[in-house]
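> One structure is given below, represented as structure tokens, and several questions about it will come after.
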Amino acid sequence: MLRYLPVRRVYARQVLDSRGNPTVEAEVTIGEGIMGIHGYTARAMVPSGASTGRFEAVELRDGEKDKYLGLSVEKAVNNVNTKLAEAILGENALDQMNIDRLLIEADGTENKSSAGANAVLSVSMAVARAAAKALRIPLYQYIGGCHTKQMPVPMMNILNGGKHADNTVDLQEFMIMPCGAEDFSRGLQMCVEIYQHLKIILKEKNLSTAVGDEGGFAPDLADSRDVLALLVHASECAGYHPGKDVMIAIDAAASELYDKEKGVYYFPGESQMKGREILRDSGEMIQYYESLLDEFPVISIEDGLEEDDWEGWKLMTERLGNRIQLVGDDLFVTNQKRLACGIKLGAANAVLIKVNQIGTVTEALDAVKLAQKNGYHTVVSHRSGETEDTFIADLAVASGAGQIKTGAPCRSDRNAKYNQLLRIAENLGELAVYEDPFISECNTAEPHL
């Protein structure tokens, strides 16, 4: 007999994220009998991005300038408490796909602009967490099944630029990956030690140790080579071998640098530091990345070109895809349709998974599945405006993504995810698997769409 746990109550409120901006928190109660006695209640909070792709699902904001400078989410909260609640009350919380289907139908738009992706996602995540709680199993196991055991390799952002910081560094994120660690705990330790050594080095050079939105340091530096040299130096000072123990990853966030009228990428920080205008076209961007790969142990570049340049992405993948991971974030926005286009075209070889880009747990998992069966790597990611919610830590393990981006070991909203992953690894014990995601060769089989 199939178990049936009805959704009994759905309620949302406005709370604050890590940047002090409002976001949506949903609270869902499920279960039989008397609510509060036989029921199970869980909450979920939705993150928010600063560097956002224009094809993302719509984050609904009120736009009233006298309330949180137009960023309040009272409309999204009201949508949870009315039409989204009405759509799933009485439905079986153990059927996540059906719950998400009903939420999507209640919104009724392609990009969730009616109810708001932030409203829809808050309910989707809260239902999943409540169901796991009712079954008395960990969230990662509820979502991923009884064979879930893959721990993700951290892709830790330790130096910020672009829209994540007020400095002269143009590329948005510079990250370290402890690919040579024997387990997640050791990998996390390696990253933290490198981060702390980087802080010491910056102080010695009289550079700022203030941090950006995701906790990475945000000094003024001339260009990306200066940044990468610092990361290599910090790794060595921490006692690790760059290119063996630890690798470097970059999020260029190239859409933010792209000048659509001129058809080139403008580097304002580098231009300021060098006293001349630095412009690069698509081909020059690829050459620029190639030169960085030749000098430094870079293993992954995210959003190396802007979100509409499909031909450029194809060329970049042909040129660099056999050397490094090329991650589509703004390019794919966790959307199966855009990902399928990329697979057919041969653009990128990895996808970033952000649940708030698409709006439901089911759609995010479907994107992971499509990517993995076509040989694309998957990276579960936070947003620059985060909360203490640890959902993505469980999602990274549940989906077998193999990689996670969740910021520097500096702020509680980021460390909450790392701490949850430590708990999961401890719970899995000897069953936990931690491995370098770049050892196995990419699947070159025909696409399975």
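Identifiers in this document derive from the order of the structure tokens: chains are assigned A, B, ..., residues are numbered from 1 separately in each chain, and ligands are numbered from 1 in order of occurrence.
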From range 236-274 of chain A, collect each residue whose DSSP state is strand (DSSP E) and return the set as a count of residues only.

10

> Near range 316-330 of chain A, within 9 Å and counting only C-alpha atoms, which residues show up once chain neighbours fewer than 2 positions away are dropped, as a ChimeraX atom specification?

/A:51-56,249,251,253,255,282-283,286,289-290,293,298-308,311-314,332-334,339,342,346-354,377-379,438,441-442

> Pull the closest atom pair for each residue of range 377-396 of chain A that gets at most 9 Å from range 414-425 of chain A, along with the distance in Å to one decimal, counting only C-alpha atoms, ordering rows by chain and then ascending residue number, as CSV.


residue,atom,partner,partner_atom,distance
A:His382,CA,A:Arg414,CA,8.4
A:Glu386,CA,A:Arg414,CA,7.6
A:Thr387,CA,A:Arg414,CA,8.1
A:Glu388,CA,A:Ala416,CA,6.1
A:Asp389,CA,A:Ala416,CA,7.4
A:Thr390,CA,A:Lys417,CA,5.1
A:Phe391,CA,A:Lys417,CA,8.0
A:Ile392,CA,A:Lys417,CA,7.3
A:Ala393,CA,A:Lys417,CA,5.4
A:Asp394,CA,A:Leu421,CA,7.4

> Print the selection's residues with N, CA and C atoms to a file, as a PDB file, in the first residue's frame.


ATOM      1  N   HIS A 382      25.331  27.694  -5.111  1.00  0.00           N
ATOM      2  CA  HIS A 382      24.639  28.709  -4.317  1.00  0.00           C
ATOM      3  C   HIS A 382      24.375  29.939  -5.181  1.00  0.00           C
ATOM      4  N   GLU A 386      22.625  34.621  -0.309  1.00  0.00           N
ATOM      5  CA  GLU A 386      22.294  33.306   0.248  1.00  0.00           C
ATOM      6  C   GLU A 386      21.541  33.426   1.580  1.00  0.00           C
ATOM      7  N   THR A 387      21.200  32.284   2.132  1.00  0.00           N
ATOM      8  CA  THR A 387      20.563  32.205   3.447  1.00  0.00           C
ATOM      9  C   THR A 387      21.224  31.068   4.215  1.00  0.00           C
ATOM     10  N   GLU A 388      20.769  30.870   5.427  1.00  0.00           N
ATOM     11  CA  GLU A 388      21.298  29.767   6.230  1.00  0.00           C
ATOM     12  C   GLU A 388      20.741  28.410   5.812  1.00  0.00           C
ATOM     13  N   ASP A 389      19.826  28.389   4.852  1.00  0.00           N
ATOM     14  CA  ASP A 389      19.244  27.144   4.355  1.00  0.00           C
ATOM     15  C   ASP A 389      20.329  26.276   3.705  1.00  0.00           C
ATOM     16  N   THR A 390      20.355  24.983   4.045  1.00  0.00           N
ATOM     17  CA  THR A 390      21.406  24.074   3.561  1.00  0.00           C
ATOM     18  C   THR A 390      20.922  23.126   2.471  1.00  0.00           C
ATOM     19  N   PHE A 391      19.795  23.435   1.850  1.00  0.00           N
ATOM     20  CA  PHE A 391      19.188  22.513   0.884  1.00  0.00           C
ATOM     21  C   PHE A 391      20.168  22.057  -0.195  1.00  0.00           C
ATOM     22  N   ILE A 392      20.969  22.981  -0.739  1.00  0.00           N
ATOM     23  CA  ILE A 392      21.829  22.616  -1.864  1.00  0.00           C
ATOM     24  C   ILE A 392      22.941  21.649  -1.470  1.00  0.00           C
ATOM     25  N   ALA A 393      23.299  21.613  -0.189  1.00  0.00           N
ATOM     26  CA  ALA A 393      24.291  20.626   0.258  1.00  0.00           C
ATOM     27  C   ALA A 393      23.734  19.225   0.078  1.00  0.00           C
ATOM     28  N   ASP A 394      22.499  19.029   0.508  1.00  0.00           N
ATOM     29  CA  ASP A 394      21.849  17.728   0.331  1.00  0.00           C
ATOM     30  C   ASP A 394      21.611  17.437  -1.139  1.00  0.00           C
TER      31      ASP A 394
END

> Fewer than 5 positions away in the same chain doesn't count, so skip those; otherwise give me all residues within 7 Å of Leu89 in chain A, counting only C-alpha atoms, as a ChimeraX atom specification.

/A:7-9

> At a cut-off of 7 Å, using only C-alpha atoms, what residues contact Ala119 in chain A? Leave out same-chain residues fewer than 5 positions from it and give the result as a VMD selection string.

chain A and resid 24 76 to 77 79 to 80
